[in-house]
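File shown: my_file03.csv (CSV, C-alpha atoms).
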chain,number,residue,atom,x,y,z
N,1,MET,CA,135.4,-7.7,99.6
N,2,TYR,CA,137.1,-11.1,99.6
N,3,ARG,CA,139.8,-10.0,97.1
N,4,LEU,CA,140.6,-7.0,99.3
N,5,PHE,CA,140.6,-9.2,102.4
N,6,TYR,CA,142.9,-11.7,100.6
N,7,TRP,CA,145.4,-9.1,99.6
N,8,LEU,CA,145.4,-7.3,102.9
N,9,VAL,CA,145.3,-10.3,105.3
N,10,LEU,CA,145.1,-13.8,104.0
N,11,GLN,CA,148.2,-13.7,101.7
N,12,ARG,CA,150.3,-12.8,104.7
N,13,LEU,CA,149.3,-15.9,106.7
N,14,PRO,CA,150.6,-19.5,106.2
N,15,ALA,CA,148.7,-21.0,103.3
N,16,GLU,CA,147.8,-24.4,104.9
N,17,GLY,CA,146.8,-22.8,108.2
N,18,THR,CA,144.6,-20.3,106.3
N,19,HIS,CA,142.9,-23.1,104.5
N,20,LYS,CA,142.1,-25.0,107.6
N,21,VAL,CA,140.7,-22.0,109.5
N,22,SER,CA,138.6,-20.9,106.5
N,23,PHE,CA,137.2,-24.4,106.0
N,24,VAL,CA,136.2,-24.7,109.7
N,25,LEU,CA,134.5,-21.3,109.5
N,26,LEU,CA,132.6,-22.3,106.3
N,27,ARG,CA,131.4,-25.5,107.9
N,28,ALA,CA,130.3,-23.7,111.0
N,29,LEU,CA,128.5,-21.0,108.9
N,30,VAL,CA,126.5,-23.5,106.8
N,31,ALA,CA,125.6,-25.6,109.9
N,32,MET,CA,123.8,-22.7,111.5
N,33,PRO,CA,120.0,-23.1,111.4
N,34,GLY,CA,118.5,-20.7,108.8
N,35,LEU,CA,121.9,-19.2,107.8
N,36,GLY,CA,122.9,-22.4,106.0
N,37,ALA,CA,119.6,-22.4,104.0
N,38,LEU,CA,120.2,-18.8,103.1
N,39,VAL,CA,123.7,-19.6,101.8
N,40,ARG,CA,122.4,-22.5,99.7
N,41,TRP,CA,119.6,-20.3,98.3
N,42,TRP,CA,122.0,-17.5,97.4
N,43,TYR,CA,124.8,-19.5,95.8
N,44,ALA,CA,122.9,-22.4,94.2
N,45,PRO,CA,123.1,-22.6,90.4
N,46,ARG,CA,119.5,-22.6,89.2
N,47,ASP,CA,119.8,-21.5,85.6
N,48,PRO,CA,118.4,-24.4,83.4
N,49,ALA,CA,121.0,-23.5,80.8
N,50,LEU,CA,123.7,-24.8,83.1
N,51,ARG,CA,122.2,-28.3,83.6
N,52,VAL,CA,124.4,-31.1,82.5
N,53,HIS,CA,124.2,-34.9,82.6
N,54,ALA,CA,127.1,-37.0,84.0
N,55,PHE,CA,127.6,-40.0,86.3
N,56,GLY,CA,124.0,-41.1,85.5
N,57,LYS,CA,122.6,-37.9,87.1
N,58,GLU,CA,121.6,-34.4,86.2
N,59,LEU,CA,123.9,-31.8,87.7
N,60,PRO,CA,122.8,-28.2,88.3
N,61,GLY,CA,126.0,-26.9,86.8
N,62,PRO,CA,129.2,-28.1,85.2
N,63,LEU,CA,131.6,-26.6,87.7
N,64,GLY,CA,132.9,-28.9,90.4
N,65,LEU,CA,135.5,-28.6,93.1
N,66,ALA,CA,138.7,-30.6,92.4
N,67,ALA,CA,140.2,-33.1,94.8
N,68,GLY,CA,142.7,-31.7,97.3
N,69,PHE,CA,140.5,-29.1,99.1
N,70,ASP,CA,138.4,-31.5,101.2
N,71,LYS,CA,140.7,-34.5,101.6
N,72,ASP,CA,138.7,-36.2,104.3
N,73,ALA,CA,135.0,-35.5,103.3
N,74,LYS,CA,134.6,-33.3,106.3
N,75,GLY,CA,132.7,-30.5,104.5
N,76,VAL,CA,130.9,-31.8,101.5
N,77,GLU,CA,127.6,-30.2,102.3
N,78,SER,CA,129.2,-26.8,103.0
N,79,LEU,CA,131.1,-26.9,99.7
N,80,LEU,CA,128.0,-27.9,97.7
N,81,ALA,CA,126.2,-25.0,99.4
N,82,LEU,CA,128.6,-22.5,97.7
N,83,GLY,CA,127.2,-23.5,94.3
N,84,PHE,CA,129.5,-26.2,93.1
N,85,GLY,CA,127.7,-28.7,90.8
N,86,PHE,CA,129.7,-31.5,92.4
N,87,VAL,CA,132.5,-32.0,94.8
N,88,GLU,CA,135.4,-34.5,94.6
N,89,VAL,CA,136.9,-35.4,97.9
N,90,GLY,CA,140.4,-36.9,98.6
N,91,THR,CA,142.9,-37.9,97.7
N,92,VAL,CA,142.0,-40.7,100.2
N,93,THR,CA,144.4,-43.6,100.8
N,94,ALA,CA,143.7,-47.0,102.3
N,95,GLU,CA,145.6,-46.1,105.5
N,96,ALA,CA,145.7,-42.9,107.4
N,97,GLN,CA,148.9,-40.9,106.9
N,98,PRO,CA,150.3,-37.5,108.0
N,99,GLY,CA,151.7,-36.5,104.6
N,100,ASN,CA,154.9,-34.6,104.0
N,101,PRO,CA,156.6,-32.3,106.5
N,102,LYS,CA,155.4,-28.8,106.9
N,103,PRO,CA,155.5,-26.2,105.3
N,104,ARG,CA,154.1,-27.9,102.2
N,105,LEU,CA,151.6,-25.5,100.6
N,106,PHE,CA,152.7,-22.2,99.1
N,107,ARG,CA,151.1,-19.3,97.2
N,108,ILE,CA,152.7,-17.7,94.2
N,109,PRO,CA,150.3,-14.7,93.9
N,110,ARG,CA,152.1,-13.0,91.0
N,111,ASP,CA,151.3,-16.0,88.9
N,112,ARG,CA,148.0,-16.8,90.6
N,113,ALA,CA,149.4,-20.2,91.4
N,114,LEU,CA,150.0,-22.6,94.2
N,115,VAL,CA,152.8,-25.1,94.9
N,116,ASN,CA,151.9,-28.1,97.1
N,117,ARG,CA,153.7,-31.1,98.3
N,118,MET,CA,151.1,-32.3,100.8
N,119,GLY,CA,151.7,-36.0,100.2
N,120,PHE,CA,148.2,-37.3,100.5
N,121,ASN,CA,147.7,-36.3,104.1
N,122,ASN,CA,144.4,-37.8,105.2
N,123,ASP,CA,142.6,-39.9,107.8
N,124,GLY,CA,142.3,-43.0,105.6
N,125,ALA,CA,139.5,-44.7,103.7
N,126,ALA,CA,137.6,-46.0,106.8
N,127,ALA,CA,137.3,-42.5,108.3
N,128,ALA,CA,136.2,-41.0,104.9
N,129,ALA,CA,133.6,-43.8,104.5
N,130,GLN,CA,132.1,-43.0,107.9
N,131,ARG,CA,131.6,-39.3,106.9
N,132,LEU,CA,130.3,-40.1,103.5
N,133,VAL,CA,127.6,-42.3,105.0
N,134,ARG,CA,126.1,-39.1,106.5
N,135,LYS,CA,126.0,-37.3,103.1
N,136,ARG,CA,122.5,-36.0,102.5
N,137,SER,CA,122.5,-34.6,99.0
N,138,GLY,CA,124.5,-33.6,96.0
N,139,VAL,CA,127.0,-35.4,93.7
N,140,VAL,CA,130.2,-36.4,95.4
N,141,GLY,CA,133.2,-38.2,93.8
N,142,VAL,CA,136.0,-39.9,95.7
N,143,ASN,CA,139.6,-39.6,94.5
N,144,ILE,CA,141.8,-42.5,95.8
N,145,GLY,CA,145.6,-42.8,95.8
N,146,LYS,CA,148.4,-45.1,97.0
N,147,THR,CA,149.5,-45.2,100.7
N,148,LYS,CA,153.0,-43.8,100.8
N,149,ARG,CA,154.6,-46.7,102.7
N,150,VAL,CA,153.1,-49.3,100.3
N,151,ALA,CA,155.6,-50.6,97.7
N,152,GLU,CA,154.7,-50.5,94.1
N,153,ALA,CA,154.3,-54.2,94.0
N,154,GLU,CA,151.5,-53.9,96.6
N,155,ALA,CA,149.8,-50.9,95.0
N,156,LEU,CA,146.9,-52.9,93.5
N,157,ALA,CA,145.9,-54.3,96.8
N,158,ASP,CA,146.1,-50.8,98.4
N,159,PHE,CA,144.0,-49.2,95.7
N,160,THR,CA,141.4,-52.0,95.7
N,161,ALA,CA,141.0,-51.8,99.5
N,162,SER,CA,140.1,-48.2,99.2
N,163,ALA,CA,137.8,-48.9,96.2
N,164,GLU,CA,135.8,-51.6,98.0
N,165,ARG,CA,135.2,-49.5,101.0
N,166,LEU,CA,134.4,-46.2,99.2
N,167,ALA,CA,132.8,-47.1,95.9
N,168,PRO,CA,129.3,-47.8,97.5
N,169,LEU,CA,129.3,-44.3,98.9
N,170,ALA,CA,130.6,-42.4,95.8
N,171,ASP,CA,128.8,-41.0,92.8
N,172,TYR,CA,132.0,-41.7,90.9
N,173,LEU,CA,135.5,-42.9,91.8
N,174,VAL,CA,138.9,-41.5,90.5
N,175,VAL,CA,142.2,-43.4,90.4
N,176,ASN,CA,144.9,-40.8,91.1
N,177,VAL,CA,148.2,-42.0,89.6
N,178,SER,CA,149.4,-38.5,88.7
N,179,SER,CA,150.3,-36.6,91.9
N,180,PRO,CA,154.0,-35.7,92.0
N,181,ASN,CA,154.2,-35.8,95.8
N,182,THR,CA,154.1,-39.6,96.4
N,183,PRO,CA,157.4,-41.3,95.4
N,184,GLY,CA,156.9,-43.6,92.4
N,185,LEU,CA,153.2,-42.9,92.0
N,186,ARG,CA,153.5,-41.4,88.5
N,187,ASP,CA,155.3,-44.5,87.3
N,188,LEU,CA,151.9,-46.2,87.5
N,189,GLN,CA,150.7,-44.1,84.6
N,190,ALA,CA,152.7,-46.4,82.3
N,191,VAL,CA,150.1,-48.5,80.5
N,192,ASP,CA,151.7,-51.8,81.3
N,193,LYS,CA,151.3,-50.9,85.0
N,194,LEU,CA,148.1,-48.9,84.7
N,195,ARG,CA,146.1,-51.6,82.9
N,196,PRO,CA,146.1,-54.2,85.8
N,197,LEU,CA,145.6,-51.4,88.3
N,198,LEU,CA,142.5,-50.0,86.6
N,199,ALA,CA,141.1,-53.5,85.9
N,200,GLY,CA,141.6,-54.4,89.5
N,201,VAL,CA,139.9,-51.2,90.8
N,202,ARG,CA,137.0,-51.8,88.4
N,203,ALA,CA,136.5,-55.3,89.9
N,204,ALA,CA,136.8,-53.9,93.4
N,205,CYS,CA,134.1,-51.3,92.7
N,206,ASP,CA,131.8,-54.0,91.4
N,207,ARG,CA,132.4,-56.1,94.5
N,208,GLY,CA,131.8,-53.2,96.8
N,209,SER,CA,128.7,-52.1,94.9
N,210,PRO,CA,127.2,-55.1,93.1
N,211,LEU,CA,123.8,-53.4,92.5
N,212,ARG,CA,125.0,-50.1,91.0
N,213,LYS,CA,127.9,-49.6,88.6
N,214,ILE,CA,130.2,-46.9,89.9
N,215,PRO,CA,131.6,-44.6,87.2
N,216,LEU,CA,135.4,-45.0,87.2
N,217,PHE,CA,137.8,-42.3,86.1
N,218,VAL,CA,141.6,-41.9,85.9
N,219,LYS,CA,143.4,-38.6,86.6
N,220,ILE,CA,146.5,-37.9,84.5
N,221,ALA,CA,149.4,-35.6,84.7
N,222,PRO,CA,150.0,-32.7,82.3
N,223,ASP,CA,153.7,-33.7,82.1
N,224,LEU,CA,153.0,-36.9,80.1
N,225,ALA,CA,154.4,-37.1,76.6
N,226,ASP,CA,151.9,-36.9,73.8
N,227,GLU,CA,152.3,-40.6,73.0
N,228,ASP,CA,151.7,-41.5,76.6
N,229,ILE,CA,148.5,-39.4,76.6
N,230,ASP,CA,147.4,-41.4,73.5
N,231,ALA,CA,148.2,-44.7,75.3
N,232,VAL,CA,146.1,-43.8,78.3
N,233,ALA,CA,143.2,-42.7,76.1
N,234,ASP,CA,143.4,-46.0,74.2
N,235,LEU,CA,143.5,-47.9,77.5
N,236,ALA,CA,140.4,-46.1,78.7
N,237,LEU,CA,138.6,-47.2,75.6
N,238,GLU,CA,139.9,-50.8,76.0
N,239,LEU,CA,138.8,-51.1,79.6
N,240,GLY,CA,135.6,-49.3,79.2
N,241,LEU,CA,136.5,-46.5,81.7
N,242,ASP,CA,133.8,-43.9,82.2
N,243,GLY,CA,136.1,-40.9,82.1
N,244,ILE,CA,139.5,-39.2,82.3
N,245,ILE,CA,140.3,-36.1,84.4
N,246,ALA,CA,142.9,-33.8,82.7
N,247,THR,CA,145.0,-32.7,84.4
N,248,ASN,CA,146.7,-32.9,87.8
N,249,THR,CA,149.4,-30.5,88.9
N,250,THR,CA,152.7,-30.1,87.0
N,251,ILE,CA,156.3,-30.4,88.1
N,252,SER,CA,157.3,-27.7,85.5
N,253,ARG,CA,158.1,-24.2,86.5
N,254,ALA,CA,158.4,-22.8,83.0
N,255,GLY,CA,157.0,-19.4,82.1
N,256,LEU,CA,156.4,-18.0,85.6
N,257,ALA,CA,156.6,-14.3,86.1
N,258,THR,CA,157.8,-14.7,89.7
N,259,PRO,CA,161.6,-14.6,89.9
N,260,GLU,CA,163.2,-18.0,89.5
N,261,ALA,CA,165.0,-17.7,92.8
N,262,ASN,CA,161.8,-17.1,94.7
N,263,VAL,CA,160.2,-20.1,93.1
N,264,THR,CA,163.2,-22.4,93.7
N,265,ALA,CA,163.2,-21.4,97.3
N,266,LEU,CA,159.7,-23.0,97.7
N,267,GLY,CA,161.1,-26.4,96.9
N,268,ALA,CA,159.5,-29.4,95.2
N,269,GLY,CA,155.8,-30.0,94.6
N,270,GLY,CA,153.0,-29.8,92.1
N,271,LEU,CA,152.2,-26.4,90.6
N,272,SER,CA,148.6,-25.5,90.0
N,273,GLY,CA,146.7,-22.5,88.8
N,274,ALA,CA,147.0,-20.1,85.9
N,275,PRO,CA,150.4,-21.3,84.6
N,276,LEU,CA,148.9,-24.7,84.0
N,277,LYS,CA,146.1,-23.4,81.7
N,278,ALA,CA,147.7,-23.8,78.3
N,279,ARG,CA,149.1,-27.3,78.8
N,280,SER,CA,145.9,-28.7,80.4
N,281,LEU,CA,144.0,-27.4,77.4
N,282,VAL,CA,146.4,-29.1,75.0
N,283,VAL,CA,146.0,-32.4,76.9
N,284,LEU,CA,142.2,-32.1,76.9
N,285,ARG,CA,142.1,-31.5,73.1
N,286,ARG,CA,144.4,-34.4,72.5
N,287,LEU,CA,142.2,-36.7,74.6
N,288,ARG,CA,139.0,-35.6,72.9
N,289,ALA,CA,140.6,-36.2,69.5
N,290,ARG,CA,141.5,-39.7,70.6
N,291,VAL,CA,138.4,-40.9,72.5
N,292,GLY,CA,135.6,-38.7,70.9
N,293,THR,CA,132.5,-38.9,72.9
N,294,ARG,CA,133.0,-42.4,74.1
N,295,VAL,CA,134.7,-41.3,77.3
N,296,LEU,CA,133.6,-38.4,79.5
N,297,LEU,CA,136.3,-35.8,80.0
N,298,ILE,CA,136.6,-33.5,83.0
N,299,ALA,CA,138.9,-30.5,82.6
N,300,VAL,CA,140.9,-29.1,85.4
N,301,GLY,CA,144.0,-26.9,85.6
N,302,GLY,CA,144.2,-23.1,85.4
N,303,ILE,CA,140.4,-22.5,85.2
N,304,GLU,CA,139.8,-19.1,86.7
N,305,THR,CA,137.2,-17.3,84.6
N,306,ALA,CA,134.0,-18.1,82.6
N,307,ASP,CA,136.2,-17.7,79.4
N,308,ASP,CA,138.5,-20.5,80.7
N,309,ALA,CA,135.5,-22.7,81.4
N,310,TRP,CA,133.8,-22.0,78.1
N,311,GLN,CA,137.0,-22.8,76.2
N,312,ARG,CA,137.3,-26.2,77.9
N,313,ILE,CA,133.7,-27.1,77.3
N,314,ARG,CA,133.9,-26.2,73.6
N,315,ALA,CA,137.2,-28.2,73.5
N,316,GLY,CA,135.3,-31.3,74.6
N,317,ALA,CA,135.0,-31.3,78.4
N,318,THR,CA,131.6,-32.2,79.8
N,319,LEU,CA,132.5,-31.0,83.2
N,320,ILE,CA,135.1,-28.6,84.7
N,321,GLN,CA,136.8,-28.4,88.1
N,322,GLY,CA,138.5,-25.6,90.0
N,323,TYR,CA,140.8,-25.5,93.0
N,324,THR,CA,143.4,-22.7,92.8
N,325,GLY,CA,140.8,-20.4,91.1
N,326,PHE,CA,138.6,-21.0,94.2
N,327,ILE,CA,141.4,-20.2,96.6
N,328,TYR,CA,142.2,-16.9,94.9
N,329,GLY,CA,138.5,-16.1,94.0
N,330,GLY,CA,136.9,-16.8,97.3
N,331,PRO,CA,133.5,-18.2,98.3
N,332,ALA,CA,131.6,-16.3,95.7
N,333,TRP,CA,133.8,-17.6,92.9
N,334,PRO,CA,131.6,-20.6,91.9
N,335,ARG,CA,128.4,-18.5,91.7
N,336,ARG,CA,130.1,-15.8,89.7
N,337,LEU,CA,131.8,-18.1,87.2
N,338,GLN,CA,128.6,-20.1,86.6
N,339,ARG,CA,126.4,-17.0,86.2
N,340,GLU,CA,128.8,-15.7,83.6
N,341,LEU,CA,129.0,-19.1,81.9
N,342,ALA,CA,125.2,-19.2,81.6
N,343,ALA,CA,125.4,-15.8,79.9
N,344,LYS,CA,127.8,-17.2,77.4
N,345,VAL,CA,125.4,-20.1,76.6
N,346,ARG,CA,122.7,-17.6,75.8
N,347,ALA,CA,125.0,-15.3,73.8
N,348,ALA,CA,125.9,-18.3,71.6
N,349,GLY,CA,122.2,-18.9,70.9
N,350,LEU,CA,122.1,-22.2,72.8
N,351,ALA,CA,119.5,-23.6,75.1
N,352,THR,CA,121.9,-25.6,77.3
N,353,ILE,CA,125.6,-25.8,77.9
N,354,GLU,CA,125.6,-29.4,76.8
N,355,GLN,CA,125.1,-28.2,73.2
N,356,ALA,CA,128.4,-26.4,73.5
N,357,ILE,CA,130.5,-29.5,74.4
N,358,GLY,CA,133.1,-30.0,71.7
N,359,ALA,CA,131.7,-27.2,69.5
N,360,ASP,CA,135.2,-26.0,68.6
N,361,LEU,CA,136.3,-29.4,67.3
N,362,PRO,CA,136.3,-30.4,63.6
N,363,ALA,CA,133.0,-31.9,62.5
Do you think you could lay out the structure here as structure tokens?
Amino acid sequence: MYRLFYWLVLQRLPAEGTHKVSFVLLRALVAMPGLGALVRWWYAPRDPALRVHAFGKELPGPLGLAAGFDKDAKGVESLLALGFGFVEVGTVTAEAQPGNPKPRLFRIPRDRALVNRMGFNNDGAAAAAQRLVRKRSGVVGVNIGKTKRVAEAEALADFTASAERLAPLADYLVVNVSSPNTPGLRDLQAVDKLRPLLAGVRAACDRGSPLRKIPLFVKIAPDLADEDIDAVADLALELGLDGIIATNTTISRAGLATPEANVTALGAGGLSGAPLKARSLVVLRRLRARVGTRVLLIAVGGIETADDAWQRIRAGATLIQGYTGFIYGGPAWPRRLQRELAAKVRAAGLATIEQAIGADLPA
């Protein structure tokens, strides 16, 4: 029903407006007494084969919602109710900012892709913190980025301000230096700049949450050269980071089935969805070969089906995230993907999905 509704109605409406309306309706639905409990019961992953350990917790399933959908932590409970094992909010910046001019979110349905140049539009770290204080259950990560008006020289202070405020309320924290939509942000992926930034954020997390160590991740771009991927992996080991998220959106437009003129007309921005699938898998495999099991890897980028998810897990990802697959797949997508994933676990003769992590890698 959702797919029919999408093709007949939703794809004809502006993408950002559709997202906002759908999100409001979802939150209202889950907030209804009785109805919210029914949604949680129906969509919740309960198969023990899907349980996985990460962030010092046991998650009911490996599929999470990537950052970008709930930028301001307004609907965490509603999204968890749809069956996601965890939700990552953000990207949150230290200061509130409106983001880039509209329109800034576009569908490419022929390629099952999106282009966005949102520009970290959000209400700021203080507002997100107020909402996260009210979180009742579930695993929630917070993705932080640089405020646009802040110069690169002041980036560390900007990131640490967010970290100190949000770390005590997060199950894990992600440093986002890989969005293509904030000028100069990707320059911070260079190791000489990334090292002091991550070290500073780690110290800020410890100051903000002295009694509990907050798992710290970095999210990288698929457009990094192989040697730069290796350098980030080595840095993660050097600094004792807890994990790496691979990957963010791409600035590439290679290999799209949609006519080039149509894609060019959409303008700049990060491309997500199916076209990112192959490169994100390459990056994941390269990271796993470099860090082994010493750093937890979260795979994101082009994950649409249980086959995609299974491939990432067997390539070394402990967890997977979706965003564009959720947009095109609808509210039943998390439940459907994880049910099919559980079937794959059993078909492989395994008791839990954790036994499949890295199974395709050389012994």
I'd like a table as a tab-separated table: residues in region 24-114 of chain N with an atom no more than 12 Å from region 266-279 of chain N, each row giving the shortest atom pair and its distance in Å to one decimal, only C-alpha atoms counted, sorted by chain and rising residue number.
residue	atom	partner	partner_atom	distance
N:Ala66	CA	N:Ser272	CA	11.4
N:Gly68	CA	N:Ser272	CA	11.2
N:Asn100	CA	N:Gly269	CA	10.5
N:Lys102	CA	N:Leu266	CA	11.7
N:Pro103	CA	N:Leu266	CA	9.3
N:Arg104	CA	N:Gly269	CA	8.1
N:Leu105	CA	N:Gly269	CA	8.6
N:Phe106	CA	N:Leu266	CA	7.2
N:Arg107	CA	N:Leu266	CA	9.4
N:Ile108	CA	N:Gly273	CA	9.4
N:Pro109	CA	N:Gly273	CA	10.0
N:Arg110	CA	N:Ala274	CA	10.1
N:Asp111	CA	N:Ala274	CA	6.7
N:Arg112	CA	N:Ala274	CA	5.8
N:Ala113	CA	N:Gly273	CA	4.4
N:Leu114	CA	N:Ser272	CA	5.3
(message) Measuring between all atoms listed in the file, which one of N:Leu361, N:Leu216, N:Ala236, N:Arg290 shows the shortest distance to Ala315 (chain N)?
(response)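 Closest to Ala315 (chain N) of all the choices is N:Leu361.
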(message) If I take CA of Val282 (chain N) and CA of Ala233 (chain N), how far is one from the other in Å, to one decimal?
(response) 14.0 Å
(request) Could you give me, as a PyMOL selection string, the residues within 12 Å of region 330-334 of chain N, counting all atoms listed in the file and dropping anything in the same chain fewer than 5 positions from it? (result) chain N and resi 1-7+10+19+22-23+25-26+39-40+42-45+61-65+78-87+303-306+309+320-325+339-341
(message) as a ChimeraX atom specification, please: the residues near region 156-166 of chain N (cut-off 12 Å, all atoms listed in the file, same-chain neighbours under 6 positions excluded).
(response) /N:73,89-96,124-133,140-150,172-177,185,188,193-210,214-216
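Between Gly56 (chain N) and the residues N:Arg212, N:Lys20, N:Lys344, N:Arg253, the shortest atom-to-atom distance, using only C-alpha atoms, involves N:Arg212.
Here the question is which of N:Ala37, N:Leu13, N:Val232, N:Ala49 gets nearest to Arg346 (chain N) using all atoms listed in the file, and that residue is N:Ala49.
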(request) Have a look at CA of Val291 (chain N) and CA of Val218 (chain N) and let me know their distance in Å, one decimal. (result)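 Interatomic distance, CA of Val291 (chain N) to CA of Val218 (chain N): 13.8 Å.
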Near Ala54 (chain N), within 9 Å and counting only C-alpha atoms, which residues show up once chain neighbours fewer than 3 positions away are dropped, as a CSV table (one decimal) with C-alpha atoms, in the frame of the given file?
chain,number,residue,atom,x,y,z
N,57,LYS,CA,122.6,-37.9,87.1
N,58,GLU,CA,121.6,-34.4,86.2
N,59,LEU,CA,123.9,-31.8,87.7
N,296,LEU,CA,133.6,-38.4,79.5
N,318,THR,CA,131.6,-32.2,79.8
N,319,LEU,CA,132.5,-31.0,83.2
(request) Enter the distance from CA of Val139 (chain N) to CA of Val76 (chain N), in Å, rounded to one decimal. (result)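 Distance reported for this atom pair: 9.4 Å.
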